[in-house]
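Source file structure-v4.txt; content: compact mmCIF, C-alpha atoms.
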```
# COMPACT_ATOMS: atom_id res chain seq x y z
CA MET A 1 0.00 0.00 0.00
CA LEU A 2 2.80 2.40 0.93
CA ASN A 3 4.58 1.65 -2.37
CA VAL A 4 1.41 2.45 -4.31
CA LEU A 5 1.02 5.80 -2.55
CA SER A 6 4.67 6.61 -3.15
CA CYS A 7 4.29 5.86 -6.87
CA ARG A 8 1.22 8.06 -7.11
CA ALA A 9 2.99 10.93 -5.36
CA PHE A 10 5.97 10.54 -7.72
CA CYS A 11 3.69 10.57 -10.78
CA HIS A 12 1.94 13.72 -9.54
CA LEU A 13 5.31 15.36 -9.02
CA GLU A 14 6.57 14.43 -12.49
CA ARG A 15 3.39 15.71 -14.13
CA SER A 16 3.66 18.93 -12.14
CA LYS A 17 7.27 19.43 -13.19
CA LYS A 18 6.35 19.01 -16.87
CA MET A 19 3.47 21.46 -16.53
CA LEU A 20 5.67 24.03 -14.80
CA LYS A 21 8.20 23.75 -17.63
CA SER A 22 5.50 24.30 -20.25
CA LEU A 23 4.21 27.38 -18.45
CA GLN A 24 7.64 28.94 -17.94
CA PRO A 25 7.73 31.03 -21.16
CA LEU A 26 4.17 32.24 -20.63
CA LEU A 27 4.26 33.19 -16.98
CA GLY A 28 7.85 34.34 -16.81
CA GLY A 29 8.71 31.73 -14.20
CA ILE A 30 12.07 30.37 -13.23
CA TYR A 31 12.03 26.64 -12.63
CA SER A 32 14.84 24.50 -11.25
CA GLU A 33 14.63 20.70 -11.34
CA ASN A 34 17.47 20.29 -8.88
CA GLN A 35 15.93 22.51 -6.23
CA LEU A 36 12.35 21.42 -6.98
CA SER A 37 11.32 25.04 -6.69
CA TRP A 38 9.27 27.51 -8.68
CA THR A 39 9.55 31.28 -8.55
CA LEU A 40 6.66 33.01 -10.27
CA HIS A 41 6.91 36.42 -11.94
CA ILE A 42 3.33 37.12 -12.93
CA LYS A 43 2.43 38.64 -16.26
CA PRO A 44 -1.11 39.91 -15.64
CA TRP A 45 -2.11 39.74 -19.27
CA VAL A 46 -1.62 35.97 -19.42
CA PHE A 47 -2.20 34.87 -15.85
CA GLN A 48 -6.00 35.07 -16.18
CA ASP A 49 -6.06 32.50 -19.00
CA TYR A 50 -3.80 30.03 -17.25
CA ARG A 51 -4.79 30.47 -13.63
CA ILE A 52 -6.62 27.14 -13.42
CA MET A 53 -3.78 25.16 -14.96
CA TRP A 54 -1.12 26.84 -12.81
CA SER A 55 -3.21 26.48 -9.66
CA ARG A 56 -3.56 22.72 -10.20
CA SER A 57 0.16 22.37 -10.81
CA TYR A 58 0.99 24.48 -7.79
CA ARG A 59 -1.19 22.38 -5.52
CA MET A 60 0.25 19.07 -6.70
CA THR A 61 3.87 20.17 -6.41
CA PHE A 62 3.60 21.69 -2.98
CA ALA A 63 1.47 18.86 -1.64
CA CYS A 64 4.27 16.47 -2.54
CA LEU A 65 6.92 18.74 -1.06
CA ASN A 66 4.85 19.38 2.06
CA THR A 67 5.63 23.12 2.01
CA MET A 68 2.14 24.52 1.54
CA LYS A 69 1.97 26.08 5.02
CA SER A 70 5.10 28.15 4.58
CA TYR A 71 4.34 29.38 1.08
CA ARG A 72 3.31 33.02 0.65
CA TYR A 73 1.41 34.05 -2.46
CA PRO A 74 3.85 36.24 -4.45
CA TRP A 75 1.17 38.77 -5.37
CA THR A 76 0.15 39.41 -1.77
CA ARG A 77 1.79 42.67 -0.77
CA LEU A 78 1.29 45.55 1.59
CA TYR A 79 -1.56 47.99 1.38
CA SER A 80 -2.46 49.46 -1.99
CA THR A 81 -4.43 52.67 -2.39
CA SER A 82 -6.61 50.97 -5.00
CA ARG A 83 -8.11 48.71 -2.33
CA THR A 84 -10.83 49.64 0.11
CA THR A 85 -11.91 48.26 3.48
CA VAL A 86 -15.36 49.86 3.32
CA ASP A 87 -18.37 47.61 2.66
CA SER A 88 -20.98 49.55 0.68
CA ARG A 89 -23.77 47.45 2.19
CA GLU A 90 -22.66 48.43 5.68
CA VAL A 91 -22.66 52.09 4.62
CA LYS A 92 -26.32 51.80 3.63
CA THR A 93 -27.20 50.17 6.96
CA PHE A 94 -25.60 52.93 9.05
CA LEU A 95 -26.91 55.67 6.78
CA ALA A 96 -30.45 54.65 7.67
CA LEU A 97 -29.63 54.90 11.40
CA ALA A 98 -27.56 58.11 11.33
CA HIS A 99 -30.22 60.27 12.99
CA ARG A 100 -30.32 58.01 16.06
CA TRP A 101 -26.69 58.27 17.24
CA TRP A 102 -27.36 60.51 20.23
CA ASP A 103 -30.54 58.79 21.42
CA GLU A 104 -29.22 57.21 24.63
CA GLN A 105 -32.29 54.96 24.89
CA GLY A 106 -32.33 53.95 21.23
CA VAL A 107 -30.50 51.41 19.08
CA TYR A 108 -27.11 52.84 20.05
CA ALA A 109 -27.76 52.61 23.79
CA PRO A 110 -25.20 49.76 24.19
CA LEU A 111 -22.50 51.98 22.63
CA HIS A 112 -23.31 54.86 24.98
CA SER A 113 -23.04 52.46 27.92
CA MET A 114 -19.83 50.91 26.58
CA ASN A 115 -18.05 54.24 27.16
CA ASP A 116 -17.97 53.35 30.87
CA LEU A 117 -15.43 50.65 29.97
CA ARG A 118 -13.70 51.73 26.80
CA VAL A 119 -12.89 55.33 27.74
CA PRO A 120 -10.95 54.37 30.94
CA PHE A 121 -9.39 51.45 29.04
CA ILE A 122 -8.00 53.80 26.39
CA ARG A 123 -7.06 56.56 28.86
CA ASP A 124 -5.19 54.36 31.31
CA ASN A 125 -3.18 52.53 28.67
CA LEU A 126 -2.21 55.77 26.92
CA LEU A 127 -1.10 57.38 30.18
CA LYS A 128 1.66 54.82 30.69
CA THR A 129 3.54 56.56 27.85
CA VAL A 130 3.75 59.92 29.64
CA ALA A 131 5.55 60.82 32.85
CA ASN A 132 3.21 63.65 33.85
CA HIS A 133 -0.25 64.74 32.86
CA GLN A 134 -2.52 67.67 33.58
CA PRO A 135 -5.29 67.14 36.14
CA GLY A 136 -8.62 67.13 34.36
CA LYS A 137 -6.92 66.84 30.95
CA PRO A 138 -4.77 63.71 31.22
CA LEU A 139 -4.57 63.17 27.45
CA SER A 140 -3.51 66.73 26.68
CA GLY A 141 -0.96 66.86 23.86
CA MET A 142 -1.92 63.47 22.44
CA LYS A 143 -3.30 62.89 18.96
CA ILE A 144 -5.92 60.20 18.56
CA LEU A 145 -7.62 58.83 15.44
CA ASP A 146 -11.15 57.48 15.96
CA VAL A 147 -11.82 55.19 12.98
CA GLY A 148 -15.49 54.65 12.17
CA CYS A 149 -16.46 57.36 14.64
CA GLY A 150 -20.14 57.37 13.69
CA GLY A 151 -21.88 60.22 15.46
CA GLY A 152 -18.90 60.88 17.76
CA LEU A 153 -19.99 58.84 20.81
CA LEU A 154 -16.40 57.93 21.67
CA THR A 155 -14.70 60.87 19.99
CA GLU A 156 -16.19 63.46 22.34
CA PRO A 157 -15.24 61.87 25.69
CA LEU A 158 -11.67 61.37 24.47
CA ALA A 159 -11.50 65.04 23.48
CA ARG A 160 -12.86 66.04 26.89
CA LEU A 161 -9.83 64.30 28.40
CA GLY A 162 -7.65 66.79 26.53
CA ALA A 163 -6.71 64.85 23.40
CA SER A 164 -6.79 66.24 19.87
CA VAL A 165 -9.04 63.79 18.04
CA ILE A 166 -9.72 63.20 14.37
CA GLY A 167 -12.88 61.22 13.76
CA ILE A 168 -13.35 59.61 10.36
CA ASP A 169 -16.34 57.78 8.91
CA PRO A 170 -17.34 56.87 5.33
CA VAL A 171 -20.99 57.76 5.99
CA ASP A 172 -21.52 61.45 5.22
CA GLU A 173 -24.66 61.70 7.35
CA ASN A 174 -22.82 60.31 10.39
CA ILE A 175 -20.23 63.09 10.15
CA LYS A 176 -22.94 65.73 9.79
CA ILE A 177 -24.56 64.49 12.99
CA ALA A 178 -21.18 64.44 14.78
CA GLN A 179 -20.32 67.96 13.57
CA ARG A 180 -23.64 69.32 14.72
CA HIS A 181 -23.36 67.74 18.17
CA LYS A 182 -19.82 68.93 18.90
CA SER A 183 -20.72 72.50 17.83
CA PHE A 184 -22.74 72.89 21.05
CA ASP A 185 -19.49 72.74 23.06
CA PRO A 186 -16.82 75.34 22.09
CA VAL A 187 -14.07 73.31 23.76
CA LEU A 188 -14.90 70.18 21.76
CA ASP A 189 -15.22 72.26 18.62
CA LYS A 190 -11.51 73.15 18.91
CA ARG A 191 -10.23 69.70 19.81
CA ILE A 192 -12.18 67.57 17.32
CA GLU A 193 -11.89 67.38 13.56
CA TYR A 194 -14.29 65.21 11.58
CA ARG A 195 -13.74 63.90 8.04
CA VAL A 196 -15.87 61.92 5.62
CA CYS A 197 -13.39 59.31 4.41
CA SER A 198 -12.10 55.80 4.88
CA LEU A 199 -8.93 54.94 6.76
CA GLU A 200 -6.96 54.01 3.67
CA GLU A 201 -7.67 57.41 2.12
CA ILE A 202 -5.66 59.25 4.79
CA VAL A 203 -2.79 56.80 5.29
CA GLU A 204 -0.21 58.72 3.28
CA GLU A 205 -0.91 62.16 4.72
CA THR A 206 -1.10 60.93 8.33
CA ALA A 207 1.70 58.34 8.37
CA GLU A 208 3.13 57.91 11.91
CA THR A 209 1.01 60.80 13.20
CA PHE A 210 -1.10 59.42 16.03
CA ASP A 211 -0.33 58.42 19.61
CA GLY A 212 -3.46 56.28 19.59
CA VAL A 213 -5.79 54.75 17.02
CA VAL A 214 -9.21 53.54 18.12
CA ALA A 215 -11.36 51.10 16.14
CA SER A 216 -14.26 50.38 18.47
CA GLU A 217 -16.99 48.12 17.08
CA VAL A 218 -15.55 48.60 13.59
CA VAL A 219 -13.46 45.60 12.49
CA GLU A 220 -16.54 43.37 12.28
CA HIS A 221 -17.87 45.67 9.54
CA VAL A 222 -14.84 45.96 7.22
CA ILE A 223 -14.37 43.79 4.13
CA ASP A 224 -10.57 43.49 4.32
CA LEU A 225 -9.36 43.12 7.88
CA GLU A 226 -5.67 42.68 7.06
CA THR A 227 -5.53 45.87 4.97
CA PHE A 228 -7.43 47.70 7.71
CA ILE A 229 -4.89 46.65 10.37
CA GLN A 230 -2.00 47.56 8.05
CA CYS A 231 -3.43 51.06 7.69
CA CYS A 232 -3.92 51.39 11.46
CA CYS A 233 -0.28 50.47 12.00
CA GLN A 234 0.96 52.90 9.33
CA VAL A 235 -0.73 55.94 10.88
CA LEU A 236 0.53 55.12 14.38
CA LYS A 237 3.72 56.62 15.74
CA PRO A 238 6.35 54.09 16.85
CA GLY A 239 5.30 53.18 20.38
CA GLY A 240 1.71 54.26 19.66
CA SER A 241 -1.31 52.26 20.83
CA LEU A 242 -4.08 50.58 18.85
CA PHE A 243 -7.36 49.91 20.65
CA ILE A 244 -9.97 47.52 19.26
CA THR A 245 -13.30 46.34 20.61
CA THR A 246 -15.17 43.74 18.60
CA ILE A 247 -17.07 40.44 18.65
CA ASN A 248 -15.57 36.96 18.75
CA LYS A 249 -16.50 34.43 16.07
CA THR A 250 -18.13 31.68 18.11
CA GLN A 251 -21.42 29.79 18.16
CA LEU A 252 -22.33 31.74 21.28
CA SER A 253 -21.74 35.08 19.55
CA TYR A 254 -24.02 33.96 16.71
CA ALA A 255 -26.75 32.87 19.11
CA LEU A 256 -26.62 35.96 21.32
CA GLY A 257 -25.13 38.61 19.03
CA ILE A 258 -27.32 37.97 16.02
CA VAL A 259 -30.25 35.64 16.78
CA PHE A 260 -31.11 37.10 20.19
CA SER A 261 -29.90 40.70 19.88
CA GLU A 262 -31.14 41.33 16.34
CA GLN A 263 -33.96 38.90 15.63
CA ILE A 264 -35.58 38.34 19.02
CA ALA A 265 -34.88 41.18 21.46
CA GLY A 266 -34.30 43.89 18.86
CA ILE A 267 -31.41 45.37 20.85
CA VAL A 268 -29.78 46.26 17.54
CA PRO A 269 -31.47 46.48 14.12
CA LYS A 270 -31.60 43.38 11.92
CA GLY A 271 -28.71 43.13 9.51
CA THR A 272 -26.34 45.20 11.65
CA HIS A 273 -23.86 42.32 11.97
CA THR A 274 -22.62 39.53 9.72
CA TRP A 275 -21.31 36.55 11.66
CA GLU A 276 -18.79 35.67 8.95
CA LYS A 277 -17.04 38.99 9.59
CA PHE A 278 -16.60 38.37 13.31
CA VAL A 279 -12.98 37.70 14.28
CA SER A 280 -11.47 35.59 17.05
CA PRO A 281 -8.88 37.06 19.43
CA GLU A 282 -6.35 34.54 18.14
CA LYS A 283 -6.77 35.58 14.51
CA LEU A 284 -6.75 39.27 15.42
CA GLU A 285 -3.57 38.85 17.46
CA SER A 286 -1.90 37.03 14.57
CA ILE A 287 -2.72 39.87 12.16
CA LEU A 288 -1.61 42.52 14.65
CA GLU A 289 1.72 40.82 15.34
CA SER A 290 2.44 40.24 11.64
CA ASN A 291 2.04 43.99 11.12
CA GLY A 292 4.56 45.08 13.73
CA LEU A 293 2.39 45.39 16.84
CA SER A 294 2.79 43.69 20.20
CA VAL A 295 -0.47 42.63 21.86
CA TYR A 296 -0.51 43.72 25.50
CA THR A 297 -4.09 43.06 26.57
CA VAL A 298 -7.09 41.00 25.48
CA VAL A 299 -10.06 41.07 27.84
CA GLY A 300 -13.69 39.98 27.62
CA MET A 301 -16.69 42.28 27.82
CA LEU A 302 -20.30 41.42 28.68
CA TYR A 303 -23.42 43.50 28.09
CA ASN A 304 -26.49 43.04 30.28
CA PRO A 305 -29.51 44.04 28.17
CA PHE A 306 -31.72 44.26 31.27
CA SER A 307 -29.55 46.66 33.26
CA GLY A 308 -28.05 48.32 30.19
CA TYR A 309 -24.50 48.11 31.57
CA TRP A 310 -21.24 46.50 30.46
CA ARG A 311 -18.64 44.80 32.64
CA TRP A 312 -15.23 43.21 32.20
CA ILE A 313 -15.15 39.40 32.32
CA GLU A 314 -12.51 36.70 31.89
CA ASN A 315 -14.31 34.99 29.01
CA THR A 316 -13.73 36.40 25.51
CA SER A 317 -16.28 34.24 23.67
CA LEU A 318 -18.62 37.20 23.05
CA ASN A 319 -17.29 40.76 23.04
CA TYR A 320 -13.69 41.62 23.82
CA ALA A 321 -11.25 44.53 23.87
CA ALA A 322 -7.64 44.45 22.68
CA HIS A 323 -4.71 46.81 23.18
CA ALA A 324 -1.60 46.57 21.00
CA VAL A 325 1.51 48.75 20.75
CA LYS A 326 3.50 49.48 17.59
CA HIS A 327 7.14 48.43 17.78
CA GLU A 328 9.64 51.23 18.24
CA GLN A 329 11.87 49.49 15.68
CA PRO A 330 10.77 47.01 12.97
CA VAL A 331 10.89 43.42 14.21
CA PRO A 332 11.61 40.63 11.70
CA ALA A 333 8.65 38.28 11.34
CA GLU A 334 10.67 35.26 12.48
CA PHE A 335 11.30 36.91 15.84
CA VAL A 336 7.66 37.78 16.60
CA LEU A 337 6.56 35.81 19.61
CA LYS A 338 3.02 34.53 19.68
CA GLY A 339 1.53 33.46 22.97
CA GLU A 340 -1.78 32.42 24.36
CA THR A 341 -4.48 34.96 25.06
CA ILE A 342 -4.09 36.54 28.48
CA GLN A 343 -7.47 36.39 30.12
CA LEU A 344 -7.68 39.58 32.13
CA GLY A 345 -10.38 41.52 33.92
CA ALA A 346 -12.45 41.05 37.00
CA LYS A 347 -16.07 40.03 37.32
CA ASP A 348 -17.06 43.61 38.00
CA SER A 349 -16.65 46.71 35.87
CA THR A 350 -13.14 47.47 37.11
CA ASN A 351 -10.78 48.63 34.41
CA PRO A 352 -8.51 45.70 33.45
CA GLY A 353 -5.65 48.08 33.92
CA VAL A 354 -2.35 48.92 32.36
CA HIS A 355 0.22 46.23 31.65
CA GLU A 356 3.88 46.98 31.26
CA GLU A 357 4.90 43.92 29.21
CA PRO A 358 3.49 42.53 25.98
CA LYS A 359 1.84 39.14 25.99
CA LYS A 360 4.17 36.15 25.80
```

As structure tokens, please, write out the structure in this file.
Amino acid sequence: MLNVLSCRAFCHLERSKKMLKSLQPLLGGIYSENQLSWTLHIKPWVFQDYRIMWSRSYRMTFACLNTMKSYRYPWTRLYSTSRTTVDSREVKTFLALAHRWWDEQGVYAPLHSMNDLRVPFIRDNLLKTVANHQPGKPLSGMKILDVGCGGGLLTEPLARLGASVIGIDPVDENIKIAQRHKSFDPVLDKRIEYRVCSLEEIVEETAETFDGVVASEVVEHVIDLETFIQCCCQVLKPGGSLFITTINKTQLSYALGIVFSEQIAGIVPKGTHTWEKFVSPEKLESILESNGLSVYTVVGMLYNPFSGYWRWIENTSLNYAAHAVKHEQPVPAEFVLKGETIQLGAKDSTNPGVHEEPKK
């Protein structure tokens, strides 16, 4: 039996080698029989016609060589300005709800309540980077980018702490609501700037500008998470902090986050979330670390729809918050350490606190 399998594997390999040779003049590849390797230089005008043939050959060869896991697609590169992370369907959903941002008893009530956790979480972790701070304005002198700011529910409290905040959102009506609300407070009017745009649109002009980037309840709505994280990293200063709150991709999050919250209890409107876009802490950490950030904190969050309050919990199977810091110097990918999720937080609403060392 083993001999039969070996013969089949050898036949597959030989066929793959012949196919690679035949494709070499078309795809501009460099093939070496001795090294059993294939380096592809894509010619876009011919790749489309031969993608099926090359894909089959690629799979056979690398299955035999057992190197599939380590192979990186040669056309996968860093962020390109031609790509977007904005989902047009999500834009339509939030456009219809734009007028309800500042209704504390409405569909955005959970986000208003979440400020009790996320504002101290952001403040306390940012303060570890400064030796002294002004009483009443602890974030004075810091620049923060609030990505997907909506109506400014998180932007305003961060500005009240003294930070200069830029809030961006692709929904024009959201920014109009946010502009109107901040205009009632002259102090906020000076500290906050709102823009109708996506994150990738401002990457070049704001590279390494911000002390903190906040993406709260945003990553579960983007269509390209890796590009989104790349952009977040690019606009951060070295040593800057990225804060994310989102929903884990579990059966429990589907049952409670979509079936119960949207279809039964109506806590949030139907269609607000797509379970396939939810992301696990492990996957998020992997993307963060591969883009030059060290993950310091991952902690669970739980919303009580009856009391209307959030609290920190140890379990991250529903909502969770993450804090990552951009490396001061680039770290080669082979030296990035990946560890298990640190389960932090108490069973009450105490801030999970500031941690001096990244997760190991």

Give the centre and edge lengths of an axis-aligned box, in Å to one decimal, that holds all listed atoms of stretch 84-97 of chain A with 6 Å on each side, as JSON.
```
{"center_x": -20.6, "center_y": 51.6, "center_z": 5.8, "size_x": 31.6, "size_y": 20.2, "size_z": 23.3}
```

Residue contacts of A:Asp211 (10 Å, all atoms listed in the file) excluding same-chain residues fewer than 5 positions away, as a VMD selection string: chain A and resid 126 129 141 to 145 163 235 to 242 325 to 326

Residues within 8 Å of stretch 218-233 of chain A, only C-alpha atoms, excluding chain neighbours under 6 positions, as a VMD selection string: chain A and resid 78 to 79 84 to 87 90 147 to 148 199 to 200 203 242 244 to 247 273 to 274 277 to 279 287 to 288 291 to 293 326

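Put simply, atom CA of A:Cys197 is 7.9 Å away from atom CA of A:Val171.
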
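Note that atom CA of A:Thr316 and atom CA of A:Leu284 are 12.6 Å apart.
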
Contact residues around A:Leu158 with all atoms listed in the file at 12 Å, ignoring same-chain residues under 5 positions, as number ranges by chain: A: 115, 118-124, 126, 136-140, 142-146, 149, 152-153, 163-167, 188, 191-192, 212-214

Counting all atoms listed in the file, write as a PDB file with C-alpha atoms, keeping the file's coordinate frame all protein and nucleic acid residues lying at most 10 Å from (-19.5, 55.6, 5.1) in the file's frame.
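Output file selection.pdb is given in full below:
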```
ATOM      1  CA  VAL A  86     -15.360  49.860   3.320  1.00  0.00           C
ATOM      2  CA  ASP A  87     -18.370  47.610   2.660  1.00  0.00           C
ATOM      3  CA  SER A  88     -20.980  49.550   0.680  1.00  0.00           C
ATOM      4  CA  ARG A  89     -23.770  47.450   2.190  1.00  0.00           C
ATOM      5  CA  GLU A  90     -22.660  48.430   5.680  1.00  0.00           C
ATOM      6  CA  VAL A  91     -22.660  52.090   4.620  1.00  0.00           C
ATOM      7  CA  LYS A  92     -26.320  51.800   3.630  1.00  0.00           C
ATOM      8  CA  THR A  93     -27.200  50.170   6.960  1.00  0.00           C
ATOM      9  CA  PHE A  94     -25.600  52.930   9.050  1.00  0.00           C
ATOM     10  CA  LEU A  95     -26.910  55.670   6.780  1.00  0.00           C
ATOM     11  CA  GLY A 148     -15.490  54.650  12.170  1.00  0.00           C
ATOM     12  CA  GLY A 150     -20.140  57.370  13.690  1.00  0.00           C
ATOM     13  CA  ILE A 168     -13.350  59.610  10.360  1.00  0.00           C
ATOM     14  CA  ASP A 169     -16.340  57.780   8.910  1.00  0.00           C
ATOM     15  CA  PRO A 170     -17.340  56.870   5.330  1.00  0.00           C
ATOM     16  CA  VAL A 171     -20.990  57.760   5.990  1.00  0.00           C
ATOM     17  CA  ASP A 172     -21.520  61.450   5.220  1.00  0.00           C
ATOM     18  CA  GLU A 173     -24.660  61.700   7.350  1.00  0.00           C
ATOM     19  CA  ASN A 174     -22.820  60.310  10.390  1.00  0.00           C
ATOM     20  CA  ILE A 175     -20.230  63.090  10.150  1.00  0.00           C
ATOM     21  CA  VAL A 196     -15.870  61.920   5.620  1.00  0.00           C
ATOM     22  CA  CYS A 197     -13.390  59.310   4.410  1.00  0.00           C
ATOM     23  CA  SER A 198     -12.100  55.800   4.880  1.00  0.00           C
TER      24      SER A 198
END
```

Between atom CA of A:Asn315 and atom CA of A:Ile267, distance in Å (one decimal):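 Computed distance, atom CA of A:Asn315 to atom CA of A:Ile267, equals 21.6 Å.
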
Residue with smallest distance to A:Leu252 - pool A:Ile202, A:Met114, A:His99, A:Trp275, counting all atoms listed in the file: A:Trp275

Would you mind putting back all heavy atoms on stretch 189-197 of chain A, then writing it out as a CSV table (one decimal), in the frame of the given file?
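Contents of rebuild.csv, as written:
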```
chain,number,residue,atom,x,y,z
A,189,ASP,N,-15.3,71.8,20.0
A,189,ASP,CA,-15.2,72.3,18.6
A,189,ASP,C,-13.8,72.5,18.2
A,189,ASP,O,-13.4,72.4,17.0
A,189,ASP,CB,-16.0,73.6,18.5
A,189,ASP,CG,-16.6,73.7,17.1
A,189,ASP,OD1,-16.8,72.7,16.4
A,189,ASP,OD2,-16.9,74.9,16.7
A,190,LYS,N,-12.9,72.9,19.2
A,190,LYS,CA,-11.5,73.2,18.9
A,190,LYS,C,-10.7,71.9,18.9
A,190,LYS,O,-9.7,71.8,18.2
A,190,LYS,CB,-10.9,74.1,19.9
A,190,LYS,CG,-11.6,75.5,19.9
A,190,LYS,CD,-11.0,76.4,21.0
A,190,LYS,CE,-11.6,77.8,21.0
A,190,LYS,NZ,-11.0,78.6,22.1
A,191,ARG,N,-11.0,70.9,19.7
A,191,ARG,CA,-10.2,69.7,19.8
A,191,ARG,C,-10.6,68.6,18.8
A,191,ARG,O,-9.8,67.6,18.6
A,191,ARG,CB,-10.4,69.1,21.2
A,191,ARG,CG,-9.8,70.1,22.3
A,191,ARG,CD,-10.1,69.4,23.7
A,191,ARG,NE,-9.7,70.3,24.8
A,191,ARG,CZ,-9.9,70.1,26.0
A,191,ARG,NH1,-10.6,69.0,26.4
A,191,ARG,NH2,-9.5,71.0,27.0
A,192,ILE,N,-11.7,68.6,18.2
A,192,ILE,CA,-12.2,67.6,17.3
A,192,ILE,C,-12.2,68.0,15.9
A,192,ILE,O,-12.7,69.1,15.6
A,192,ILE,CB,-13.6,67.0,17.8
A,192,ILE,CG1,-13.5,66.4,19.2
A,192,ILE,CG2,-14.1,66.0,16.8
A,192,ILE,CD1,-14.9,66.0,19.7
A,193,GLU,N,-11.8,67.2,15.0
A,193,GLU,CA,-11.9,67.4,13.6
A,193,GLU,C,-12.5,66.1,13.0
A,193,GLU,O,-12.1,65.0,13.2
A,193,GLU,CB,-10.5,67.6,12.9
A,193,GLU,CG,-10.6,67.7,11.4
A,193,GLU,CD,-9.2,67.8,10.7
A,193,GLU,OE1,-8.2,67.9,11.5
A,193,GLU,OE2,-9.2,67.6,9.5
A,194,TYR,N,-13.6,66.3,12.2
A,194,TYR,CA,-14.3,65.2,11.6
A,194,TYR,C,-14.1,65.2,10.1
A,194,TYR,O,-14.0,66.3,9.4
A,194,TYR,CB,-15.8,65.3,11.9
A,194,TYR,CG,-16.2,64.9,13.3
A,194,TYR,CD1,-16.8,65.8,14.1
A,194,TYR,CD2,-16.0,63.6,13.8
A,194,TYR,CE1,-17.2,65.5,15.4
A,194,TYR,CE2,-16.3,63.3,15.1
A,194,TYR,CZ,-16.9,64.2,15.9
A,194,TYR,OH,-17.3,63.9,17.2
A,195,ARG,N,-13.9,64.0,9.5
A,195,ARG,CA,-13.7,63.9,8.0
A,195,ARG,C,-14.6,62.8,7.5
A,195,ARG,O,-14.7,61.7,8.1
A,195,ARG,CB,-12.3,63.6,7.7
A,195,ARG,CG,-11.3,64.7,8.1
A,195,ARG,CD,-9.9,64.3,7.6
A,195,ARG,NE,-8.8,65.1,8.2
A,195,ARG,CZ,-7.6,65.0,7.8
A,195,ARG,NH1,-7.2,64.1,7.0
A,195,ARG,NH2,-6.7,65.8,8.4
A,196,VAL,N,-15.1,63.0,6.3
A,196,VAL,CA,-15.9,61.9,5.6
A,196,VAL,C,-14.9,61.2,4.7
A,196,VAL,O,-14.5,61.7,3.7
A,196,VAL,CB,-17.0,62.5,4.8
A,196,VAL,CG1,-17.8,61.3,4.1
A,196,VAL,CG2,-18.0,63.3,5.6
A,197,CYS,N,-14.4,60.1,5.2
A,197,CYS,CA,-13.4,59.3,4.4
A,197,CYS,C,-13.2,57.9,5.0
A,197,CYS,O,-13.6,57.7,6.2
A,197,CYS,CB,-12.1,60.0,4.3
A,197,CYS,SG,-11.2,60.3,5.9
```
